[in-house]
Structures are given as structure tokens and as C-alpha cells.
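Student: Mind having a look at this structure? Questions to follow.
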There are 2 protein chains.
Amino acid sequence: MKLTSIPTFQEIEKVHERIKPYINQTPVLSSTAINEISGAEIYFKCENFQKIGAFKMRGAANAILALSEAERAKGVATHSSGNHAQAVALSAKNHGVPAYIVMPENAPSIKRAATAGYGAEIITCAPTLAARESTLDKVVARTGATFLHPYNNYDVIAGQATCAKELIEEVPNLEVIMAPIGGGGLMSGTAISTKALLPNAQIIGSEPKWADDAYRSFKSGRMQYNTRVDTIADGLRTNLGPLTFEIITKLVDDIITVSEEEIVAAMRIIWERMKIIIEPSCAVPFAALLQQKERFAGKKVGIIITGGNVDVNNLPF
Amino acid sequence: MKLTSIPTFQEIEKVHERIKPYINQTPVLSSTAINEISGAEIYFKCENFQKIGAFKMRGAANAILALSEAERAKGVATHSSGNHAQAVALSAKNHGVPAYIVMPENAPSIKRAATAGYGAEIITCAPTLAARESTLDKVVARTGATFLHPYNNYDVIAGQATCAKELIEEVPNLEVIMAPIGGGGLMSGTAISTKALLPNAQIIGSEPKWADDAYRSFKSGRMQYNTRVDTIADGLRTNLGPLTFEIITKLVDDIITVSEEEIVAAMRIIWERMKIIIEPSCAVPFAALLQQKERFAGKKVGIIITGGNVDVNNLPF
């Protein structure tokens with residue numbers, strides 16, 4: 001049964017129960033050193049320890065469970081060079097559902113291999129959005145598979161919402177919840193869960209300056225688009241969709257943008273001080289906090305660490 | 001009050017209570033991917049998340065607490081290029097005790113800076129064991145400080161023993177406990193706690209083939225020494241001391257040695273699949289398990305991940 005409107009928190013609670021067998025309840029970590037550096041009391045929800053190494057597993061797990069038997073028989077399709085591909089491939093495998101993943105020819109080989117390892121059929125295309133979409137259309141026409149959008153999909157948003165729900169249930173009295181914004185699926189789900197559980201908390205999005213479509217959309221009230229896609233935070237290069245734009249505009253309190261240098265510096269602090277492997281995208285909320293230390297000084301802040309799928313042969317330091 | 005004989009488990013329980021305010025109870029992590037790769041059910045005790053990034057904090061915290069007031073006033077001294085230096089420096093700072101750390105001139109700058117950051121006085125020497133010892137002697141003569149040996153010290157051993165104690169208390173029914181062996185402080189403490197809490201579990205040490213003094217000492221029953229110090233597992237280059245030799249010979253069931261290639265491969269699997277930053281030394285027990293998969297197949301294995309202080313600008317992959 002698919003969601004056809006903005007998920008309520010009651011719906012998110014049901015979603016959480018049904019995806020639990022397929023996801024990890026990830027740990028929440030904190031660090032004295034990080035708190036000293038930042039001046040805040042930060043709780044990191046570590047989705048880098050999630051199955052497939054990223055929060056995307058939550059949304060994909062739910063989207064597959066929302067399909068009818070007839071839809072499952074025909075399979076699922078998506079285009080992604082990254083974590084959503086692996087999440088769909090593993091979720092499909094968990095239920096014996098065929099998965100067709102369109103990937104650009106320049107996708108990292110580690111992500112291609114991981115996706116194929118879950119038994120998905122990979123269809124390669126040119127590295128443009130147009131080629132991805134037209135290739136996907138052909139796959140759907142050929143197979144009858146259901147397209148699972150990585151974020152502009154209420155079932156995916158409801159799945160991602162379970163991450164902030166777990167964080168808020170584990171750590172009492174958080175005053176600020178921060179997440180990065182790519183397509184906005186995580187931010188939308190985070191905002192819904194936070195508004196329900198912590199109505200007085202600040203909900204803060206964060207974005208690279210080089211991919212600040214959500215920031216400009218939020219400030220102007222009209223959907224804006226990225227004009228470059230070269231930020232190191234490769235998980236955040238996508239634009240909002242209409243569904244995530246609506247939720248973010250309604251529920252998020254502010255969006256902070258950060259430079260590439262701020263992202264790499266924040267990533268390095270987390271690697272060196274917390275000893276966890278995070279993708280550049282995950283460092284964006286912490287970079288935003290460091291940029292505006294006074295604003296968050298002494299506050300109890302929850303930050304969602306989105307994933308850890310990084311090529312250790314190609315690090316920015 | 002210092003321990004003057006092999007610590008009993010009752011003494012270790014008391015040590016654990018008194019060091020608790022100064023250490024983290026580190027998380028135990030497991031990974032479906034790692035279990036599939038290894039064929040065992042592995043629980044990693046993550047001392048890379050310990051204060052100063054390594055288990056050495058436990059032993060140092062206890063050794064400082066074991067000093068008399070008069071000894072604390074004169075301070076503590078040690079020679080170390082690594083985690084023990086930081087652990088002694090932070091433990092000394094926690095109690096307002098002066099700390100003097102002899103470091104070889106080629107010590108990694110990140111470790112030197114971290115040690116100085118805790119307020120310790122750093123005395124630089126030539127990078128030989130003879131220079132370290134003679135420099136330390138001079139420091140002790142000048143200051144009256146108490147020398148804290150990194151492992152050949154019962155208070156240090158009792159502190160390190162609290163790590164396996166926490167692991168065994170958190171994960172029921174472990175059948176095998178594995179740790180790496182450098183000077184043998186961690187392995188000695190691990191063996192004492194395991195024998196007390198899990199008398200039927202196998203206690204398995206592991207070492208680089210290029211620094212296999214403990215393996216040869218264990219097999220021959222007489223103390224042997226390393227002839228080279230160039231293993232990538234830089235925390236394991238030291239020789240056993242008489243105290244750790246005695247405990248390891250009595251309590252450990254077996255020691256497995258691994259090649260440099262096995263260490264790097266195991267380290268990479270943990271980085272990529274578990275998303276945690278570990279030092280090469282920590283990968284040694286997991287490399288030993290992978291080398292002898294049949295022996296550990298289906299077994300419930302606890303592995304101590306010893307630390308995460310690695311230079312991210314100088315990785316082996």
C-alpha cells in the first residue's frame with residue numbers, strides 16, 4: 001500500500017515497524033574531542049553503519065514493501081550511481097524481487113560491484129541526466145518494473161524519516177536536528193519526525209554552496225536548480241523534487257550552505273577524532289555547525305551521518 | 001596502591017570501577033558483511049573509540065591512580081612514540097600530575113602534537129631503544145618522576161584487562177577471544193579476564209610474522225626477541241616483557257602469525273565494510289581468523305580492535 005500524501009508520523013511509526021527486520025538500528029556516537037572543538041553537545045546518528053553503508057536502505061526497504069504482489073513480480077528499476085542503487089538492489093534481493101539499475105558509465109567501480117553483488121541487473125548509460133532518464137524509460141518499458149525514485153516518493157521519505165525517529169527516541173531533549181540536503185528525501189523525513197516528536201527543536205538543513213538549490217528554493221519559495229555538479233559532496237548534487245520541496249519549505253527552520261574547504265575540514269575532523277569513515281556529504285551538517293559556532297554554542301544537537309561509502313584510494317586528504 | 005603480582009579477576013573488577021570515570025565504555029560492533037566474508041560470528045570491541053583513540057587509556061588511567069600522593073607530585077615519565085604516550089599524558093592531566101614523555105625524533109607529528117596538547121613535556125631522542133632508555137633515565141634522575149612502563153607493569157595489565165571484561169559482559173557466550181600481541185599488556189589482561197569469565201573459551205593471540213617474538217617465545221617456552229621492526233603494524237613491534245611473557249605462556253591457547261599482505265587486506269575489509277578507522281595493528285587478529293577460516297567457522301568470536309590513530313595522509317591503500 002503506497003503513500004499518496006505527505007506521511008504522517010503515525011504512518012512513519014508503522015513504516016518503522018515493518019522495515020525493522022531489514023535495517024540496522026544504528027548507534028548514536030558522541031565524542032568529547034568533537035564537543036570541545038564545536039562548543040556544542042553533538043550526537044551523531046551513524047547511518048554509515050546502516051546496511052549498504054547508508055540511510056538509503058531505510059527508504060528502499062519501505063518502498064519495496066509498499067509494492068503489490070503483482071508489482072513485485074515485475075521488479076523495480078531506478079537510476080543511481082550511488083547508495084540508492086545498492087539499497088534498492090539489496091531490498092529487492094531480500095524479497096526475491098528483480099532489480100534493474102541504470103548507472104552512468106563513470107560510476108565508481110566499488111559501487112557498481114556492490115550493486116551487482118546483490119544480484120541486480122546493471123544497465124550502463126552515458127553520464128548525463130537525460131541519458132539516465134531515457135535509459136530508465138526503456139528498461140521500464142521492456143520489463144514493466146516499477147520505478148523507485150530515490151527521493152521524490154512518499155514511501156521513500158517515510159522510510160528515511162525513521163532515522164531521525166530513532167535518534168530522537170534514543171537521545172532525550174535534543175534542541176537542534178541537522179541533516180544534509182541532496183534530493184531532500186532524508187531532510188523531509190527528518191523534518192516530519194522531528195516536528196512530531198520535538199515540536200520546539202530547530203530543524204536545520206545544510207548544503208554545499210556548489211549545490212545550493214535547496215537553499216535558494218527555500219529562500220525564494222520557488223524551486224531552483226543547481227548550475228554545477230562538482231561539489232565533493234557527491235551525494236548532494238541532486239535537485240529537490242516537488243514533493244521534497246513542499247515538505248522542506250513547510251517544516252525546515254533554516255538551511256546553511258558551506259564551502260568545499262569547510263566540508264573537507266569537517267570530514268577530516270570526524271575521521272581523525274571519531275575514527276569513523278564518512279562520506280564527504282555527511283560532513284556538511286557538521287561543517288555548517290562549525291561555521292556558525294555561536295549559534296549552536298552549548299546546544300544539544302543531533303546530526304545525521306548519512307553514509308560511509310567512500311573510495312579509500314581516493315581521499316581528499 | 002600498586003599491584004605486585006599477577007592481577008586476579010577480583011582486583012581487575014576493582015580497577016574497572018576506579019577507572020570508569022576516565023575511560024569510555026566502548027561499543028561492540030558487528031557486521032553482516034564481515035560475518036559472511038569470515039564464516040564466523042564476530043563481535044568487535046571498538047577501542048578505536050576509546051579516549052585518545054586506543055585501549056592504552058585503560059592501563060595508563062589505572063597506573064596513575066595506583067600512585068601515592070608523593071609520587072603524583074613528582075610526576076610520571078615514559079618513552080613511547082605512540083598511543084601509550086598520549087594515554088599517559090591525558091591520564092596525568094586528569095589528575096594534575098606532571099608528565100614527561102621521551103619520543104624518538106621520527107615519531108609521527110600527529111602523535112607528538114596530540115601528546116603535547118595534553119600538557120606533557122616532550123623530550124626528543126634518537127630513534128633507537130638505547131637512546132630512549134638512556135634519555136628516560138636522565139629524565140627520571142632530573143625530576144624524580146615514576147617510570148610507567150607501557151606493558152611490563154601489573155597495574156597497566158589490570159587496566160587493559162577491563163577491555164575484554166566489558167566485551168564478555170556485553171556479548172554472551174563468546175567461544176573465542178582474539179587480540180593482537182605487541183608488548184603483551186593487552187593480551188595478558190585479556191587472558192586473565194577471559195579465563196575468569198569464560199573458562200572454556202579459546203584465547204588466541206596474533207602477531208605479524210615480521211614481529212613474531214611472542215609466537216616464538218610461546219612455542220619455545222623461553223623469551224625470544226624481534227630481529228626486525230618494519231611491520232606495518234607499528235603498535236606490535238615491541239617485545240614481550242618478563243611479566244607479560246609469564247602470563248601469556250600460562251593462559252593463552254595459541255598464537256597465529258600473519259603476513260604484511262594479510263594485515264593490509266584485513267584492514268581494508270574492516271575500513272570498507274565496517275566504516276571504522278582502525279590502525280594496522282588492529283587488523284592482525286581479523287587477518288589471523290581469515291587465514292584459518294575453517295578453525296573458526298560458525299564460532300562466536302570476540303575481537304579487540306585496539307586503536308584508530310592512523311595518519312590519513314599515509315594509508316597502505
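Chains: A, B, ... in order of the C-alpha cells. Residues: from 1 per chain. Ligands: from 1, in order shown.
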Return as a list in words the residues belonging to chain A that are within 9 Å of chain B, counting only C-alpha atoms.

Tutor: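 Listing them in order of chain and number gives Pro27, Ser31, Thr32, Ala33, Asn48, Phe49, Lys51, Ile52, Gly53, Arg268, Trp271, Glu272, Arg273, Met274, Lys275, Ile276, Ile277, Ile278, Gly307, Gly308, Asn309, Val310, Asp311, Val312, Asn313, Leu315 and Phe317 of chain A.
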
Student: Restrict the calculation to only C-alpha atoms, then for each residue of region 150-255 of chain A with any atom at most 12 Å from an atom of region 122-137 of chain A give the closest atom pair and their distance in Å to one decimal, rows by chain and rising residue number, as a tab-separated table.

Tutor:
residue	atom	partner	partner_atom	distance
A:Val229	CA	A:Thr128	CA	11.1
A:Arg237	CA	A:Leu129	CA	11.7
A:Thr238	CA	A:Leu129	CA	10.1
A:Asn239	CA	A:Leu129	CA	11.4

Student: Can you give chain B as a compact mmCIF listing (two decimals) with C-alpha atoms, in the first residue's frame after you superpose it on chain A, pairing all C-alpha atoms in order for the least-squares fit?

Tutor:
# COMPACT_ATOMS: atom_id res chain seq x y z
CA MET B 1 0.00 -0.02 -0.01
CA LYS B 2 1.72 3.13 -1.18
CA LEU B 3 1.53 6.51 0.50
CA THR B 4 -0.12 9.15 -1.67
CA SER B 5 0.29 12.21 0.54
CA ILE B 6 2.82 13.65 2.98
CA PRO B 7 3.48 10.89 5.53
CA THR B 8 2.04 11.46 8.98
CA PHE B 9 4.05 10.46 12.02
CA GLN B 10 1.55 7.66 12.67
CA GLU B 11 2.32 6.30 9.22
CA ILE B 12 6.04 6.61 9.91
CA GLU B 13 5.63 4.57 13.09
CA LYS B 14 4.01 1.78 11.07
CA VAL B 15 6.71 2.00 8.42
CA HIS B 16 9.37 1.71 11.12
CA GLU B 17 7.85 -1.50 12.46
CA ARG B 18 7.68 -3.12 9.05
CA ILE B 19 11.19 -2.23 7.90
CA LYS B 20 12.90 -3.18 11.19
CA PRO B 21 13.78 -6.72 10.07
CA TYR B 22 15.64 -5.28 7.07
CA ILE B 23 17.60 -2.40 8.62
CA ASN B 24 20.09 -1.87 11.42
CA GLN B 25 19.20 0.29 14.40
CA THR B 26 22.39 2.28 14.04
CA PRO B 27 24.37 3.54 17.03
CA VAL B 28 24.46 7.15 18.22
CA LEU B 29 28.01 8.26 18.97
CA SER B 30 29.41 11.32 20.67
CA SER B 31 32.96 12.51 21.24
CA THR B 32 34.47 14.70 23.94
CA ALA B 33 37.02 16.01 21.44
CA ILE B 34 34.32 16.97 18.93
CA ASN B 35 32.27 18.68 21.63
CA GLU B 36 35.31 20.68 22.72
CA ILE B 37 36.08 21.71 19.15
CA SER B 38 32.49 22.70 18.40
CA GLY B 39 31.30 24.11 21.70
CA ALA B 40 28.07 22.14 21.30
CA GLU B 41 26.91 18.76 22.64
CA ILE B 42 26.61 16.70 19.49
CA TYR B 43 25.02 13.29 18.99
CA PHE B 44 25.84 11.66 15.67
CA LYS B 45 23.34 9.15 14.31
CA CYS B 46 25.65 6.83 12.42
CA GLU B 47 23.96 5.68 9.25
CA ASN B 48 27.39 4.85 7.87
CA PHE B 49 26.82 1.68 9.92
CA GLN B 50 23.48 1.08 8.20
CA LYS B 51 23.12 -1.86 5.79
CA ILE B 52 24.75 -1.00 2.43
CA GLY B 53 26.56 1.76 4.37
CA ALA B 54 23.94 4.51 4.09
CA PHE B 55 20.49 5.67 5.27
CA LYS B 56 19.12 4.98 1.78
CA MET B 57 18.43 1.42 2.94
CA ARG B 58 15.51 2.69 5.03
CA GLY B 59 13.62 4.28 2.17
CA ALA B 60 14.32 1.48 -0.28
CA ALA B 61 13.27 -1.18 2.24
CA ASN B 62 9.96 0.59 2.69
CA ALA B 63 9.36 1.28 -0.99
CA ILE B 64 9.71 -2.42 -1.84
CA LEU B 65 7.37 -3.40 0.98
CA ALA B 66 4.79 -0.91 -0.34
CA LEU B 67 4.52 -2.72 -3.69
CA SER B 68 1.70 -5.10 -4.55
CA GLU B 69 2.47 -8.75 -5.30
CA ALA B 70 1.89 -8.09 -9.01
CA GLU B 71 4.34 -5.19 -8.97
CA ARG B 72 6.95 -7.22 -7.09
CA ALA B 73 6.77 -9.94 -9.71
CA LYS B 74 7.71 -7.47 -12.45
CA GLY B 75 10.53 -5.94 -10.45
CA VAL B 76 11.83 -2.49 -9.64
CA ALA B 77 14.02 -0.07 -11.56
CA THR B 78 15.94 3.07 -10.73
CA HIS B 79 18.84 5.19 -11.90
CA SER B 80 21.58 5.95 -9.42
CA SER B 81 25.33 5.87 -9.31
CA GLY B 82 25.40 5.55 -5.60
CA ASN B 83 23.83 4.42 -2.38
CA HIS B 84 20.23 4.31 -3.63
CA ALA B 85 21.28 1.76 -6.26
CA GLN B 86 22.72 -0.55 -3.62
CA ALA B 87 19.77 0.00 -1.31
CA VAL B 88 17.25 -0.90 -4.01
CA ALA B 89 19.32 -3.90 -5.10
CA LEU B 90 19.59 -5.31 -1.57
CA SER B 91 15.96 -4.59 -0.69
CA ALA B 92 14.83 -6.27 -3.90
CA LYS B 93 17.03 -9.28 -3.17
CA ASN B 94 15.57 -9.56 0.34
CA HIS B 95 12.16 -10.21 -1.21
CA GLY B 96 13.16 -12.08 -4.37
CA VAL B 97 12.18 -9.09 -6.52
CA PRO B 98 14.09 -8.42 -9.78
CA ALA B 99 16.02 -5.11 -9.76
CA TYR B 100 17.19 -3.10 -12.79
CA ILE B 101 19.66 -0.33 -12.05
CA VAL B 102 20.68 2.27 -14.63
CA MET B 103 24.18 3.55 -13.85
CA PRO B 104 26.34 6.09 -15.65
CA GLU B 105 29.47 4.65 -17.21
CA ASN B 106 31.64 6.75 -14.85
CA ALA B 107 30.07 5.35 -11.65
CA PRO B 108 32.72 4.26 -9.12
CA SER B 109 33.62 0.63 -9.72
CA ILE B 110 33.19 -0.16 -6.01
CA LYS B 111 29.54 0.93 -6.15
CA ARG B 112 28.92 -0.91 -9.40
CA ALA B 113 30.43 -4.10 -7.98
CA ALA B 114 28.45 -3.81 -4.74
CA THR B 115 25.19 -3.34 -6.65
CA ALA B 116 25.88 -6.27 -8.95
CA GLY B 117 26.82 -8.30 -5.88
CA TYR B 118 23.23 -8.02 -4.66
CA GLY B 119 22.05 -9.63 -7.88
CA ALA B 120 20.72 -6.54 -9.65
CA GLU B 121 20.90 -6.20 -13.42
CA ILE B 122 23.02 -3.14 -14.23
CA ILE B 123 22.32 -1.13 -17.39
CA THR B 124 25.08 1.31 -18.28
CA CYS B 125 24.37 4.71 -19.84
CA ALA B 126 26.12 7.98 -20.67
CA PRO B 127 26.81 10.17 -17.62
CA THR B 128 24.05 12.72 -18.21
CA LEU B 129 20.66 13.09 -16.58
CA ALA B 130 18.97 12.86 -20.00
CA ALA B 131 20.69 9.57 -20.79
CA ARG B 132 19.82 8.19 -17.37
CA GLU B 133 16.16 9.04 -17.76
CA SER B 134 15.79 7.78 -21.33
CA THR B 135 17.63 4.56 -20.49
CA LEU B 136 15.41 4.06 -17.46
CA ASP B 137 12.29 4.62 -19.58
CA LYS B 138 13.44 1.89 -21.95
CA VAL B 139 14.08 -0.52 -19.07
CA VAL B 140 10.65 0.14 -17.60
CA ALA B 141 9.03 -0.31 -21.03
CA ARG B 142 10.87 -3.61 -21.56
CA THR B 143 10.28 -5.13 -18.10
CA GLY B 144 7.21 -3.50 -16.62
CA ALA B 145 9.25 -2.78 -13.50
CA THR B 146 8.13 -0.08 -11.05
CA PHE B 147 10.38 2.98 -10.99
CA LEU B 148 11.57 3.75 -7.45
CA HIS B 149 12.54 7.39 -7.33
CA PRO B 150 15.40 7.98 -4.90
CA TYR B 151 13.66 10.77 -3.00
CA ASN B 152 10.58 12.20 -4.73
CA ASN B 153 8.46 9.36 -3.35
CA TYR B 154 6.42 9.39 -0.14
CA ASP B 155 7.26 5.78 0.73
CA VAL B 156 10.95 6.55 0.45
CA ILE B 157 10.51 9.72 2.53
CA ALA B 158 8.64 7.76 5.22
CA GLY B 159 11.47 5.23 5.34
CA GLN B 160 14.14 7.94 5.70
CA ALA B 161 12.04 9.51 8.49
CA THR B 162 12.73 6.51 10.72
CA CYS B 163 16.33 7.61 11.12
CA ALA B 164 15.55 10.85 13.00
CA LYS B 165 12.84 8.96 14.88
CA GLU B 166 15.43 6.52 16.26
CA LEU B 167 17.83 9.35 17.10
CA ILE B 168 15.22 11.38 18.98
CA GLU B 169 13.95 8.31 20.82
CA GLU B 170 17.47 7.43 21.94
CA VAL B 171 18.77 10.87 22.98
CA PRO B 172 16.37 12.89 25.13
CA ASN B 173 15.82 16.63 24.79
CA LEU B 174 17.67 17.42 21.60
CA GLU B 175 17.35 21.13 20.77
CA VAL B 176 18.57 21.08 17.16
CA ILE B 177 18.38 18.40 14.45
CA MET B 178 20.69 18.74 11.46
CA ALA B 179 20.88 16.81 8.20
CA PRO B 180 22.30 17.40 4.73
CA ILE B 181 20.08 18.04 1.71
CA GLY B 182 20.61 16.37 -1.66
CA GLY B 183 17.29 15.46 -3.24
CA GLY B 184 15.66 16.16 0.10
CA GLY B 185 14.28 12.72 0.99
CA LEU B 186 16.24 12.44 4.22
CA MET B 187 15.63 16.08 5.16
CA SER B 188 11.90 15.73 4.51
CA GLY B 189 11.58 12.62 6.64
CA THR B 190 13.79 14.10 9.33
CA ALA B 191 11.63 17.22 9.47
CA ILE B 192 8.37 15.26 9.79
CA SER B 193 9.67 13.04 12.61
CA THR B 194 11.24 15.98 14.43
CA LYS B 195 8.13 18.16 14.27
CA ALA B 196 6.10 15.29 15.72
CA LEU B 197 8.48 14.30 18.50
CA LEU B 198 10.23 17.60 19.30
CA PRO B 199 7.93 20.41 18.21
CA ASN B 200 10.23 23.06 19.69
CA ALA B 201 13.51 21.82 18.19
CA GLN B 202 15.18 23.72 15.38
CA ILE B 203 15.33 21.77 12.12
CA ILE B 204 18.40 22.84 10.16
CA GLY B 205 19.30 21.70 6.66
CA SER B 206 22.76 22.07 5.15
CA GLU B 207 24.13 22.09 1.63
CA PRO B 208 27.33 22.66 -0.30
CA LYS B 209 27.51 26.21 -1.73
CA TRP B 210 28.29 24.49 -5.04
CA ALA B 211 24.94 22.62 -4.99
CA ASP B 212 22.68 25.05 -3.15
CA ASP B 213 19.40 24.50 -4.98
CA ALA B 214 17.52 23.75 -1.75
CA TYR B 215 18.90 26.87 -0.07
CA ARG B 216 17.82 29.09 -2.96
CA SER B 217 14.48 27.27 -3.29
CA PHE B 218 13.86 27.68 0.44
CA LYS B 219 14.72 31.38 0.45
CA SER B 220 12.77 32.23 -2.71
CA GLY B 221 9.80 29.93 -2.17
CA ARG B 222 10.16 28.62 -5.72
CA MET B 223 12.06 25.58 -6.95
CA GLN B 224 15.58 26.46 -8.06
CA TYR B 225 18.12 24.17 -9.72
CA ASN B 226 21.83 23.49 -9.38
CA THR B 227 24.00 24.97 -12.09
CA ARG B 228 27.09 22.90 -11.31
CA VAL B 229 27.58 19.34 -10.08
CA ASP B 230 31.20 19.28 -8.99
CA THR B 231 30.96 19.49 -5.20
CA ILE B 232 33.00 16.87 -3.36
CA ALA B 233 29.79 16.02 -1.50
CA ASP B 234 28.72 13.71 -4.31
CA GLY B 235 25.57 12.58 -2.52
CA LEU B 236 24.22 16.14 -2.53
CA ARG B 237 24.50 17.05 -6.20
CA THR B 238 20.84 16.35 -6.97
CA ASN B 239 17.99 18.85 -7.02
CA LEU B 240 14.93 18.77 -4.80
CA GLY B 241 11.81 17.20 -6.24
CA PRO B 242 8.35 18.75 -5.95
CA LEU B 243 7.41 16.51 -3.00
CA THR B 244 10.54 17.22 -0.98
CA PHE B 245 10.44 20.92 -1.88
CA GLU B 246 6.97 21.19 -0.37
CA ILE B 247 7.86 19.42 2.88
CA ILE B 248 11.17 21.24 3.34
CA THR B 249 9.61 24.63 2.68
CA LYS B 250 6.90 23.94 5.25
CA LEU B 251 8.88 22.33 8.05
CA VAL B 252 12.57 23.24 7.95
CA ASP B 253 13.67 26.27 10.00
CA ASP B 254 16.82 27.19 8.12
CA ILE B 255 19.37 25.96 5.57
CA ILE B 256 23.09 26.71 5.91
CA THR B 257 25.50 26.44 2.98
CA VAL B 258 29.19 25.56 3.30
CA SER B 259 32.28 25.77 1.12
CA GLU B 260 34.24 22.83 -0.25
CA GLU B 261 37.10 23.68 2.14
CA GLU B 262 34.72 23.64 5.09
CA ILE B 263 33.40 20.23 4.02
CA VAL B 264 36.85 18.65 3.76
CA ALA B 265 37.99 20.18 7.06
CA ALA B 266 34.88 18.91 8.87
CA MET B 267 35.23 15.47 7.28
CA ARG B 268 38.82 15.26 8.43
CA ILE B 269 37.93 16.19 12.01
CA ILE B 270 35.31 13.43 12.13
CA TRP B 271 37.70 10.85 10.63
CA GLU B 272 40.54 11.77 12.95
CA ARG B 273 38.64 12.39 16.17
CA MET B 274 35.72 9.97 15.91
CA LYS B 275 37.55 7.22 13.98
CA ILE B 276 34.60 6.60 11.71
CA ILE B 277 34.58 6.57 7.93
CA ILE B 278 32.09 9.02 6.51
CA GLU B 279 31.37 10.25 3.02
CA PRO B 280 32.02 13.93 2.26
CA SER B 281 28.24 14.52 2.15
CA CYS B 282 27.97 13.58 5.83
CA ALA B 283 30.41 16.24 6.87
CA VAL B 284 28.17 19.02 5.57
CA PRO B 285 25.94 19.46 8.67
CA PHE B 286 28.95 19.41 11.00
CA ALA B 287 30.69 21.94 8.74
CA ALA B 288 27.59 24.13 8.97
CA LEU B 289 27.67 23.93 12.77
CA LEU B 290 31.37 24.84 12.87
CA GLN B 291 30.71 27.78 10.55
CA GLN B 292 28.11 29.16 12.98
CA LYS B 293 29.50 28.06 16.33
CA GLU B 294 27.96 30.90 18.34
CA ARG B 295 24.49 30.00 17.11
CA PHE B 296 24.79 26.43 18.38
CA ALA B 297 27.00 27.05 21.44
CA GLY B 298 26.02 24.86 24.39
CA LYS B 299 23.10 23.35 22.46
CA LYS B 300 22.24 19.68 22.35
CA VAL B 301 22.43 18.87 18.65
CA GLY B 302 21.56 15.69 16.75
CA ILE B 303 23.36 15.26 13.43
CA ILE B 304 22.58 12.54 10.93
CA ILE B 305 25.71 10.95 9.47
CA THR B 306 24.31 9.73 6.20
CA GLY B 307 26.78 7.16 4.89
CA GLY B 308 30.28 5.76 4.71
CA ASN B 309 30.71 4.58 1.14
CA VAL B 310 33.91 6.31 0.19
CA ASP B 311 36.75 5.10 -2.03
CA VAL B 312 39.68 4.76 0.37
CA ASN B 313 42.05 5.01 -2.61
CA ASN B 314 40.73 8.46 -3.45
CA LEU B 315 40.52 10.62 -0.34
CA PRO B 316 40.53 14.43 -0.23
CA PHE B 317 43.41 14.47 2.26

Student: Any chance you could list, as an NGL selection string, the residues in region 73-156 of chain B that come up alpha helix (DSSP H) when DSSP is run on the backbone?

Tutor: :B and (73-74 or 83-94 or 109-117 or 129-143 or 154-156)
